[in-house]
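Colleague: Sharing final_7.cif here; it has mmCIF, C-alpha atoms.
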data_target
#
loop_
_atom_site.label_atom_id
_atom_site.label_comp_id
_atom_site.auth_asym_id
_atom_site.auth_seq_id
_atom_site.Cartn_x
_atom_site.Cartn_y
_atom_site.Cartn_z
CA MET A 730 8.48 14.15 -13.74
CA GLN A 731 9.29 11.06 -11.76
CA THR A 732 8.37 7.88 -13.61
CA PRO A 733 5.70 5.95 -11.68
CA LYS A 734 6.72 2.62 -10.21
CA GLU A 735 6.45 -0.32 -12.57
CA LEU A 736 3.00 -1.84 -12.34
CA THR A 737 1.79 -5.18 -13.57
CA PRO A 738 -1.82 -4.89 -14.77
CA GLY A 739 -4.12 -7.71 -13.85
CA ARG A 740 -4.86 -10.19 -16.58
CA VAL A 741 -8.45 -9.63 -17.65
CA ARG A 742 -9.80 -12.56 -19.64
CA GLU A 743 -12.83 -13.53 -21.66
CA LYS A 744 -14.59 -16.84 -21.01
CA ASP A 745 -12.64 -18.44 -23.83
CA GLY A 746 -9.38 -17.60 -22.06
CA GLU A 747 -8.27 -14.75 -24.32
CA GLU A 748 -7.10 -11.58 -22.64
CA VAL A 749 -9.27 -8.48 -23.07
CA THR A 750 -6.31 -6.39 -24.21
CA ALA A 751 -8.13 -3.06 -24.52
CA LEU A 752 -9.49 -3.26 -20.97
CA ALA A 753 -6.13 -4.31 -19.52
CA ARG A 754 -4.42 -1.40 -21.31
CA GLY A 755 -7.05 1.07 -20.14
CA LEU A 756 -6.60 -0.04 -16.54
CA ASP A 757 -2.84 0.27 -16.89
CA VAL A 758 -3.21 3.84 -18.16
CA LEU A 759 -5.46 4.75 -15.23
CA ARG A 760 -2.98 3.25 -12.75
CA ARG A 761 -0.05 5.15 -14.28
CA ILE A 762 -1.92 8.44 -14.06
CA ALA A 763 -3.00 7.67 -10.49
CA THR A 764 0.60 7.09 -9.37
CA ALA A 765 2.13 10.04 -11.24
CA ASP A 766 3.09 13.15 -9.29
CA ALA A 767 1.84 15.60 -11.95
CA PRO A 768 -0.55 15.70 -14.94
CA VAL A 769 0.48 13.18 -17.60
CA SER A 770 0.72 13.38 -21.39
CA ASN A 771 0.04 10.69 -23.98
CA ARG A 772 3.75 10.64 -24.82
CA GLU A 773 4.68 9.89 -21.21
CA LEU A 774 2.03 7.19 -21.01
CA THR A 775 3.44 5.59 -24.14
CA GLU A 776 6.95 5.60 -22.65
CA TRP A 777 5.79 4.15 -19.33
CA THR A 778 3.42 1.49 -20.63
CA GLY A 779 4.94 0.49 -23.98
CA ILE A 780 1.51 0.90 -25.58
CA PRO A 781 1.65 2.53 -29.06
CA LYS A 782 0.87 6.24 -28.95
CA PRO A 783 -2.19 6.05 -31.29
CA THR A 784 -3.66 3.42 -28.96
CA VAL A 785 -2.87 5.52 -25.89
CA SER A 786 -4.57 8.50 -27.51
CA ARG A 787 -7.71 6.45 -28.12
CA ILE A 788 -7.65 5.15 -24.55
CA THR A 789 -7.33 8.60 -22.97
CA ALA A 790 -10.03 9.98 -25.29
CA THR A 791 -12.37 7.18 -24.20
CA LEU A 792 -11.57 7.78 -20.52
CA VAL A 793 -12.26 11.51 -20.98
CA ASN A 794 -15.59 10.74 -22.65
CA THR A 795 -16.58 8.40 -19.81
CA GLY A 796 -15.71 11.02 -17.20
CA LEU A 797 -12.78 9.25 -15.56
CA LEU A 798 -10.11 11.58 -16.98
CA LEU A 799 -9.97 15.34 -17.46
CA ARG A 800 -7.88 16.94 -20.19
CA LEU A 801 -6.46 20.14 -18.75
CA PRO A 802 -7.46 23.33 -20.65
CA ASP A 803 -4.98 24.39 -23.34
CA SER A 804 -2.90 21.32 -22.55
CA GLU A 805 -2.22 17.80 -23.75
CA ARG A 806 -2.06 16.50 -20.20
CA PHE A 807 -4.55 14.47 -18.22
CA VAL A 808 -5.59 14.06 -14.58
CA LEU A 809 -8.08 11.78 -12.85
CA THR A 810 -11.54 13.17 -12.12
CA ALA A 811 -13.63 12.87 -8.99
CA SER A 812 -15.55 10.06 -10.70
CA VAL A 813 -12.83 7.59 -9.75
CA LEU A 814 -13.78 8.19 -6.10
CA GLU A 815 -17.00 6.30 -6.77
CA LEU A 816 -14.90 3.16 -7.24
CA SER A 817 -12.88 3.62 -4.07
CA ASN A 818 -15.88 4.69 -2.03
CA GLY A 819 -17.79 1.65 -3.21
CA PHE A 820 -14.94 -0.53 -2.01
CA LEU A 821 -14.73 1.18 1.37
CA ARG A 822 -18.51 1.17 1.93
CA ASN A 823 -18.55 -2.59 1.63
CA PHE A 824 -15.33 -3.13 3.54
CA ASP A 825 -16.73 -4.25 6.89
CA ILE A 826 -13.34 -5.05 8.43
CA ARG A 827 -12.30 -1.42 8.12
CA ALA A 828 -15.33 -0.21 10.08
CA ARG A 829 -15.00 -2.90 12.73
CA ALA A 830 -11.27 -2.28 13.19
CA ARG A 831 -11.55 1.50 13.48
CA PRO A 832 -12.35 1.74 17.24
CA PHE A 833 -9.24 -0.28 18.04
CA LEU A 834 -7.11 1.84 15.68
CA ILE A 835 -8.38 5.01 17.36
CA ALA A 836 -7.57 3.59 20.78
CA LEU A 837 -4.04 2.73 19.62
CA ALA A 838 -3.46 6.22 18.23
CA GLU A 839 -4.66 7.89 21.43
CA LYS A 840 -2.67 5.53 23.66
CA THR A 841 0.61 6.01 21.78
CA GLY A 842 0.17 9.57 20.51
CA MET A 843 1.23 8.37 17.04
CA SER A 844 -0.36 8.08 13.63
CA VAL A 845 -1.97 4.72 12.89
CA HIS A 846 -2.72 3.23 9.47
CA LEU A 847 -4.49 0.10 8.30
CA GLY A 848 -2.96 -1.20 5.07
CA VAL A 849 -3.63 -3.75 2.36
CA ARG A 850 -1.62 -4.75 -0.66
CA ASP A 851 -2.21 -3.32 -4.12
CA ARG A 852 0.15 -4.97 -6.60
CA LEU A 853 3.65 -4.11 -5.30
CA ASP A 854 2.65 -1.38 -2.83
CA MET A 855 0.79 -1.14 0.43
CA VAL A 856 -2.27 1.11 0.30
CA VAL A 857 -3.77 2.91 3.30
CA ILE A 858 -7.44 2.05 3.80
CA ASP A 859 -7.78 3.84 7.13
CA SER A 860 -5.72 6.60 8.73
CA ILE A 861 -6.02 7.81 12.32
CA ARG A 862 -4.35 10.89 13.80
CA PRO A 863 -4.21 11.21 17.59
CA ARG A 864 -5.74 14.37 19.02
CA SER A 865 -2.72 14.99 21.23
CA ALA A 866 0.02 14.72 18.61
CA VAL A 867 1.91 17.73 17.26
CA LEU A 868 3.80 15.91 14.50
CA VAL A 869 1.92 13.19 12.68
CA SER A 870 2.08 11.34 9.39
CA ARG A 871 0.37 13.03 6.44
CA LEU A 872 -0.60 9.75 4.83
CA GLU A 873 -4.28 9.78 3.92
CA ILE A 874 -6.64 7.02 2.86
CA GLY A 875 -5.48 5.86 -0.56
CA GLY A 876 -1.84 6.76 0.15
CA ARG A 877 0.74 4.27 -1.01
CA MET A 878 3.73 2.91 0.90
CA ASP A 879 6.78 0.99 -0.24
CA MET A 880 6.42 -2.69 0.58
CA ALA A 881 10.07 -3.62 1.06
CA ARG A 882 11.27 -0.65 3.09
CA THR A 883 8.35 0.02 5.42
CA SER A 884 7.24 -1.75 8.56
CA VAL A 885 3.69 -2.03 7.20
CA GLY A 886 4.98 -3.82 4.10
CA ARG A 887 7.24 -6.17 6.02
CA ALA A 888 4.45 -6.99 8.47
CA TYR A 889 2.21 -7.84 5.52
CA LEU A 890 4.89 -10.05 3.98
CA SER A 891 5.38 -11.83 7.30
CA VAL A 892 1.77 -13.11 7.40
CA LEU A 893 1.74 -14.48 3.85
CA PRO A 894 2.13 -18.19 3.13
CA ASP A 895 5.79 -18.99 2.45
CA ALA A 896 5.37 -19.66 -1.28
CA GLU A 897 3.33 -16.52 -1.82
CA ARG A 898 5.89 -14.45 0.06
CA ARG A 899 8.73 -15.79 -2.08
CA ASP A 900 6.82 -15.06 -5.28
CA LEU A 901 6.02 -11.53 -4.17
CA ILE A 902 9.62 -10.84 -3.20
CA THR A 903 10.69 -12.06 -6.65
CA SER A 904 8.26 -9.55 -8.21
CA LEU A 905 9.69 -6.79 -6.00
CA GLN A 906 13.18 -7.73 -7.17
CA ILE A 907 12.21 -7.52 -10.84
CA ALA A 908 10.50 -4.15 -10.36
CA SER A 909 13.44 -2.71 -8.38
CA GLY A 910 16.07 -3.44 -11.02
CA ASP A 911 19.56 -2.23 -10.09
CA ASP A 912 18.34 -0.88 -6.75
CA TRP A 913 17.48 -4.37 -5.51
CA PRO A 914 20.76 -5.32 -3.75
CA ALA A 915 20.45 -2.42 -1.30
CA ILE A 916 16.71 -2.96 -0.86
CA ALA A 917 17.13 -6.72 -0.40
CA ASN A 918 19.65 -6.31 2.43
CA GLY A 919 17.25 -4.16 4.44
CA LEU A 920 14.29 -6.39 3.64
CA GLN A 921 16.07 -9.56 4.72
CA ARG A 922 17.19 -7.98 8.00
CA GLY A 923 13.70 -6.63 8.56
CA LEU A 924 11.98 -9.96 7.97
CA GLU A 925 14.41 -11.78 10.23
CA GLU A 926 13.68 -9.23 12.95
CA THR A 927 9.95 -9.53 12.33
CA ARG A 928 10.12 -13.30 12.73
CA ARG A 929 12.05 -12.95 15.98
CA LEU A 930 10.02 -10.15 17.57
CA GLY A 931 6.54 -10.74 16.15
CA PHE A 932 6.34 -7.23 14.66
CA ALA A 933 8.17 -5.23 12.01
CA ILE A 934 10.26 -2.09 12.52
CA SER A 935 11.50 0.50 10.04
CA ILE A 936 13.90 3.16 11.32
CA GLY A 937 14.20 5.92 8.74
CA GLU A 938 14.39 3.46 5.84
CA TRP A 939 11.48 4.76 3.80
CA HIS A 940 11.71 8.44 4.75
CA HIS A 941 14.57 9.92 6.77
CA GLY A 942 13.38 10.98 10.20
CA LEU A 943 10.30 8.74 10.16
CA ASN A 944 10.17 5.62 12.32
CA ALA A 945 7.37 3.06 12.44
CA ILE A 946 6.32 -0.32 13.75
CA ALA A 947 3.70 -2.68 12.32
CA ALA A 948 2.04 -6.05 12.80
CA GLY A 949 0.09 -8.14 10.31
CA PHE A 950 -2.99 -10.28 10.66
CA VAL A 951 -5.21 -12.64 8.68
CA GLY A 952 -8.89 -11.97 8.05
CA PRO A 953 -11.68 -14.54 8.17
CA SER A 954 -11.39 -15.23 4.43
CA GLU A 955 -7.58 -15.53 4.43
CA GLU A 956 -7.09 -11.92 3.33
CA ARG A 957 -4.02 -10.21 4.79
CA TYR A 958 -3.72 -6.78 6.45
CA SER A 959 -1.24 -4.87 8.56
CA VAL A 960 -1.49 -2.11 11.15
CA ASN A 961 1.22 0.56 11.17
CA CYS A 962 2.03 2.95 14.02
CA GLY A 963 4.72 5.61 13.89
CA GLY A 964 5.87 9.18 13.68
CA ALA A 965 8.88 11.48 13.81
CA ALA A 966 12.14 9.83 14.87
CA HIS A 967 12.59 12.02 17.94
CA GLN A 968 9.07 11.14 19.05
CA CYS A 969 9.45 7.39 18.65
CA PRO A 970 13.05 6.14 18.71
CA ARG A 971 13.64 2.44 18.36
CA ASP A 972 13.65 1.67 22.08
CA VAL A 973 10.32 3.44 22.58
CA LEU A 974 8.80 1.53 19.68
CA ILE A 975 9.90 -1.82 21.08
CA GLU A 976 9.28 -1.25 24.78
CA THR A 977 6.18 0.96 24.77
CA VAL A 978 4.46 0.94 21.38
CA ALA A 979 4.82 -2.76 20.47
CA PRO A 980 2.69 -4.09 23.36
CA ALA A 981 -0.09 -1.63 22.51
CA LEU A 982 0.15 -2.50 18.81
CA LEU A 983 -0.02 -6.24 19.41
CA GLU A 984 -2.98 -5.78 21.74
CA CYS A 985 -4.75 -3.71 19.06
CA VAL A 986 -4.17 -6.38 16.40
CA ALA A 987 -5.35 -9.15 18.76
CA ASP A 988 -8.53 -7.15 19.46
CA ILE A 989 -9.17 -6.68 15.74
CA VAL A 990 -8.67 -10.37 15.02
CA ARG A 991 -11.16 -11.29 17.75
CA GLU A 992 -13.67 -8.72 16.51
CA ILE A 993 -13.61 -9.81 12.87
CA GLY A 994 -13.25 -13.53 13.46
CA GLY A 995 -9.76 -13.58 12.01
CA LYS A 996 -7.19 -16.31 12.29
CA PRO A 997 -4.01 -16.66 14.34
CA VAL A 998 -0.79 -16.14 12.42
CA ALA A 999 1.62 -19.07 12.38
CA PRO A 1000 5.34 -18.20 12.54
CA PHE A 1001 6.83 -17.94 9.06
CA SER A 1002 10.00 -19.65 7.96
CA GLY A 1003 11.57 -16.67 6.19
#
Can you turn what I pasted into structure tokens?
Modeller:
Amino acid sequence: MQTPKELTPGRVREKDGEEVTALARGLDVLRRIATADAPVSNRELTEWTGIPKPTVSRITATLVNTGLLLRLPDSERFVLTASVLELSNGFLRNFDIRARARPFLIALAEKTGMSVHLGVRDRLDMVVIDSIRPRSAVLVSRLEIGGRMDMARTSVGRAYLSVLPDAERRDLITSLQIASGDDWPAIANGLQRGLEETRRLGFAISIGEWHHGLNAIAAGFVGPSEERYSVNCGGAAHQCPRDVLIETVAPALLECVADIVREIGGKPVAPFSG
């Protein structure tokens, strides 16, 4: 099984400033299981999190008892249950920007014939919070709501980085470097080129960098409360080569983002310094 990407659990603290270690560990376990590509055992969770196995066993037992995890029959492996959807659905129900942006995302998908996604950051990934498939398309992205995308190698991630304040962007890139380990030099080269291009063009492009044969373009924007988002539009390489993305899709994408910003009362994005 592929080891899930390194995650940094949020620091959950009591009023006196001491970390609630048990809660932080439980959240870390849930995140590891959520990002795994197959059912997970206590032993694997111990290896991935560094939490002692007896503690992991108590955490998974508690999560099973509360209905968030299911222990597979005749197995020592665990999967998430449908109960976790209550958390995500609660988030999406109260996420007004998603509902208000959707008509413009649909219009972009139908105009370009490409898949469109609205993304936000979750730790070191971008997470899809809305996904639109055009009715006319034959080949479209299979990314669903809740799908995760690499931040450094995708257009949606680079567009998000481009609308962050300079100091926050530098800190986030440092975190990406630490998580990437020995792979960072190759990732960093592509990210630097991508951000320079994003600064010059006003939108980000990724040509087969995340998945071979998949090209995409994205633009970021700032919400009314300084929250950051990005809109991604793309598809199969033969459907949207680089010149088509720049000459045809980019104007429609930028118009879509401008419409969303006006609708939600967002803020203009100042050029970033890199």
Colleague: For this file, the PyMOL selection byres ((chain A and resi 921) around 12) selects which residues, as a PyMOL selection string?
Modeller: chain A and resi 881-882+887+890-891+899+902+913-920+922-928+933+1003
Colleague: Please build the interface table for stretch 824-901 of chain A against stretch 979-987 of chain A with a cut-off of 7 Å, listing for each qualifying residue the nearest atom pair and the distance in Å to one decimal; count all atoms listed in the file, order rows by chain and increasing number, and write it as JSON lines.
Modeller:
{"residue": "A:Phe833", "atom": "CA", "partner": "A:Cys985", "partner_atom": "CA", "distance": 5.7}
{"residue": "A:Leu834", "atom": "CA", "partner": "A:Cys985", "partner_atom": "CA", "distance": 6.9}
{"residue": "A:Leu837", "atom": "CA", "partner": "A:Cys985", "partner_atom": "CA", "distance": 6.5}
Colleague: I would like the residues chosen by the PyMOL selection byres ((chain A and resi 768) around 7) on the shown file; could you give them as a ChimeraX atom specification?
Modeller: /A:767,769-770,806-808
Colleague: Which residue out of A:Val960, A:Leu847, A:Leu930, A:Ile826 has the minimum interatomic distance to A:Gly994 when only C-alpha atoms are used?
Modeller: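 Among A:Val960, A:Leu847, A:Leu930, A:Ile826, it is A:Ile826 that comes nearest to A:Gly994.
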Colleague: Smallest atom-to-atom distance to A:Val998: which of A:Asp859, A:Glu956, A:Glu976, A:Glu776, using all atoms listed in the file?
Modeller: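 Nearest to A:Val998: A:Glu956.
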Colleague: List as a ChimeraX atom specification the protein and nucleic acid residues near A:Gly963, meaning an atom at most 6 Å away when only C-alpha atoms are counted, but skip any in the same chain fewer than 4 places from it.
Modeller: /A:843-844,944-945
Colleague: If you keep C-alpha atoms, can you produce a file of those selected residues as a PDB file, keeping the file's coordinate frame?
Modeller:
ATOM      1  CA  MET A 843       1.230   8.370  17.040  1.00  0.00           C
ATOM      2  CA  SER A 844      -0.360   8.080  13.630  1.00  0.00           C
ATOM      3  CA  ASN A 944      10.170   5.620  12.320  1.00  0.00           C
ATOM      4  CA  ALA A 945       7.370   3.060  12.440  1.00  0.00           C
TER       5      ALA A 945
END
Colleague: Please list, as a ChimeraX atom specification, the residues that have an atom at most 10 Å away from (10.7, 10.3, 16.4) in the coordinates of this file, counting all atoms listed in the file.
Modeller: /A:843,868-869,936-937,942-945,963-971,973-974
Colleague: Please provide as a list of chain:residue names all residues within 6 Å of A:Val857, with the sequence filter that same-chain residues fewer than 4 positions apart are discarded (counting all atoms listed in the file).
Modeller: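 Residues meeting the cut-off are A:Leu847, A:Gly848, A:Ile874, A:Gly875, A:Gly876.
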Colleague: Just to confirm, what's the straight-line distance from atom CA of A:Asp854 to atom CA of A:Gly952 in Å (one decimal)?
Modeller: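 According to the coordinates, atom CA of A:Asp854 and atom CA of A:Gly952 are separated by 19.1 Å.
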Colleague: Give the answer as one residue: which of A:Ile993, A:Val793, A:Leu905, A:Val845 has the shortest atom-to-atom distance to A:Ile946, using only C-alpha atoms?
Modeller: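 For A:Ile946, the nearest of the candidates is A:Val845.
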Colleague: In Å, how far is it from atom CA of A:Gly995 to atom CA of A:Val951?
Modeller: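 So the answer is 5.7 Å.
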